[in-house]
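Engineer: Before I ask anything, here is the structure I am working with.
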Amino acid sequence: MADPHHATDAHDDYVRGTQEISEQAATFNLFVTLTKWGCLGAAVAIVFLLLWFQPGGSFVAGAASAVIVLVVGFFALRSKKTAH
């Protein structure tokens with residue numbers, strides 16, 4: 001099978017490692033940030049609703065547990081300061 005990027009092609013202007021990737025990096029960082037905070041939000045909602053609507057459950061127990069999960073998750077997921 002023919003290789004379209006053979007080394008002898010004079011018309012190929014692409015040089016490996018020279019493409020600007022700042023937009024891709026920013027998009028990936030946004031995706032990771034939204035994913036981790038979205039998962040925390042889903043976990044908080046599930047804990048709250050589970051403890052509120054279970055047989056014998058209460059709103060106060062659900063709210064208190066959800067706040068605890070939110071606080072622990074916030075401190076676990078926040079961005080760490082990077083030393084440069």
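Residues are referred to by chain and number: the chain letter is A, B, ... according to the order shown in the structure tokens, the number counts from 1 in that chain, and ligands are numbered separately from 1 in the order shown.
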Excluding Leu40 of chain A and its own-chain neighbours fewer than 4 positions away, which residues fall within 7 Å of it when counting only C-alpha atoms? Please give them as a ChimeraX atom specification.
Structural biologist: /A:36,44,73
Engineer: Let's have the selection written as a PDB file, in the first residue's frame, with C-alpha atoms.
Structural biologist:
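Output file selection28.pdb follows:
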```pdb
ATOM      1  CA  LYS A  36     -15.135  16.537  36.713  1.00  0.00           C
ATOM      2  CA  VAL A  44     -24.428  15.351  44.944  1.00  0.00           C
ATOM      3  CA  GLY A  73     -15.648  16.884  46.367  1.00  0.00           C
TER       4      GLY A  73
END
```
Engineer: Could you give me, as JSON, numbers by chain, each residue of chain A that DSSP assigns to helix (DSSP H, G or I) when run on this structure's backbone?
Structural biologist: {"A": [22, 23, 24, 25, 26, 27, 28, 29, 30, 31, 32, 33, 34, 35, 36, 37, 38, 39, 40, 41, 42, 43, 44, 45, 46, 47, 48, 49, 50, 51, 52, 53, 59, 60, 61, 62, 63, 64, 65, 66, 67, 68, 69, 70, 71, 72, 73, 74, 75, 76, 77]}
Engineer: So which residues touch Ser65 of chain A within 9 Å, counting only C-alpha atoms, skipping near sequence neighbours fewer than 4 positions away, as a PyMOL selection string?
Structural biologist: chain A and resi 44+47-48+51+60-61+69-70
Engineer: Convert the current residue selection to file output with N, CA, C and O atoms, as a compact mmCIF listing (two decimals), in the first residue's frame.
Structural biologist:
```txt
# COMPACT_ATOMS: atom_id res chain seq x y z
N VAL A 44 -23.71 14.62 43.89
CA VAL A 44 -24.43 15.35 44.94
C VAL A 44 -25.93 15.17 44.77
O VAL A 44 -26.66 14.91 45.74
N VAL A 47 -26.97 11.53 45.76
CA VAL A 47 -26.96 11.32 47.22
C VAL A 47 -28.16 12.01 47.86
O VAL A 47 -28.86 11.44 48.70
N PHE A 48 -28.40 13.26 47.44
CA PHE A 48 -29.54 14.01 48.00
C PHE A 48 -30.86 13.31 47.74
O PHE A 48 -31.65 13.07 48.66
N LEU A 51 -31.25 9.77 49.57
CA LEU A 51 -31.53 9.81 51.00
C LEU A 51 -32.85 10.50 51.31
O LEU A 51 -33.43 10.26 52.38
N VAL A 60 -33.79 16.53 55.38
CA VAL A 60 -32.65 17.04 56.14
C VAL A 60 -31.45 16.11 56.00
O VAL A 60 -30.31 16.57 55.79
N ALA A 61 -31.67 14.81 56.10
CA ALA A 61 -30.57 13.85 55.96
C ALA A 61 -29.98 13.91 54.55
O ALA A 61 -28.76 13.88 54.37
N VAL A 69 -20.88 15.80 50.75
CA VAL A 69 -20.27 15.30 49.51
C VAL A 69 -19.79 16.47 48.66
O VAL A 69 -18.70 16.41 48.07
N LEU A 70 -20.55 17.56 48.62
CA LEU A 70 -20.16 18.73 47.84
C LEU A 70 -18.88 19.36 48.37
O LEU A 70 -17.97 19.68 47.59
```
Engineer: Pick the closest to Arg78 of chain A from A:Leu49, A:Trp37, A:Asp13, A:Phe59: which is it, counting only C-alpha atoms?
Structural biologist: A:Trp37
Engineer: Which residue gives the smallest distance to Ala63 of chain A among A:Asn29, A:Ala45, A:Lys80, A:Thr18, with only C-alpha atoms counted?
Structural biologist: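 Closest candidate: A:Ala45.
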Engineer: Compare A:Ile21, A:Val71, A:Ala26, A:Ala64 by their minimum atom-to-atom distance to Gly41 of chain A, counting only C-alpha atoms, and give me the closest one.
Structural biologist: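 Going through A:Ile21, A:Val71, A:Ala26, A:Ala64 one by one, the smallest distance to Gly41 of chain A is for A:Val71.
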Engineer: So how many Å separate atom CA of Phe74 of chain A and atom CA of Val32 of chain A, to one decimal?
Structural biologist: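 One can read the atom CA of Phe74 of chain A to atom CA of Val32 of chain A distance as 15.0 Å.
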Engineer: Which one is closest to Ser79 of chain A: A:Gly57, A:Thr33, A:Phe28, A:Trp52? Count only C-alpha atoms.
Structural biologist: A:Thr33
Engineer: Between atom CA of Phe53 of chain A and atom CA of Ala66 of chain A, what distance in Å does the model show, to one decimal?
Structural biologist: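 Separation of atom CA of Phe53 of chain A and atom CA of Ala66 of chain A: 13.4 Å.
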Engineer: Would you compute the distance between atom CA of Leu77 of chain A and atom CA of Ile46 of chain A? Give it in Å to one decimal.
Structural biologist: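 Taking atom CA of Leu77 of chain A as the start and atom CA of Ile46 of chain A as the end point, the length is 18.0 Å.
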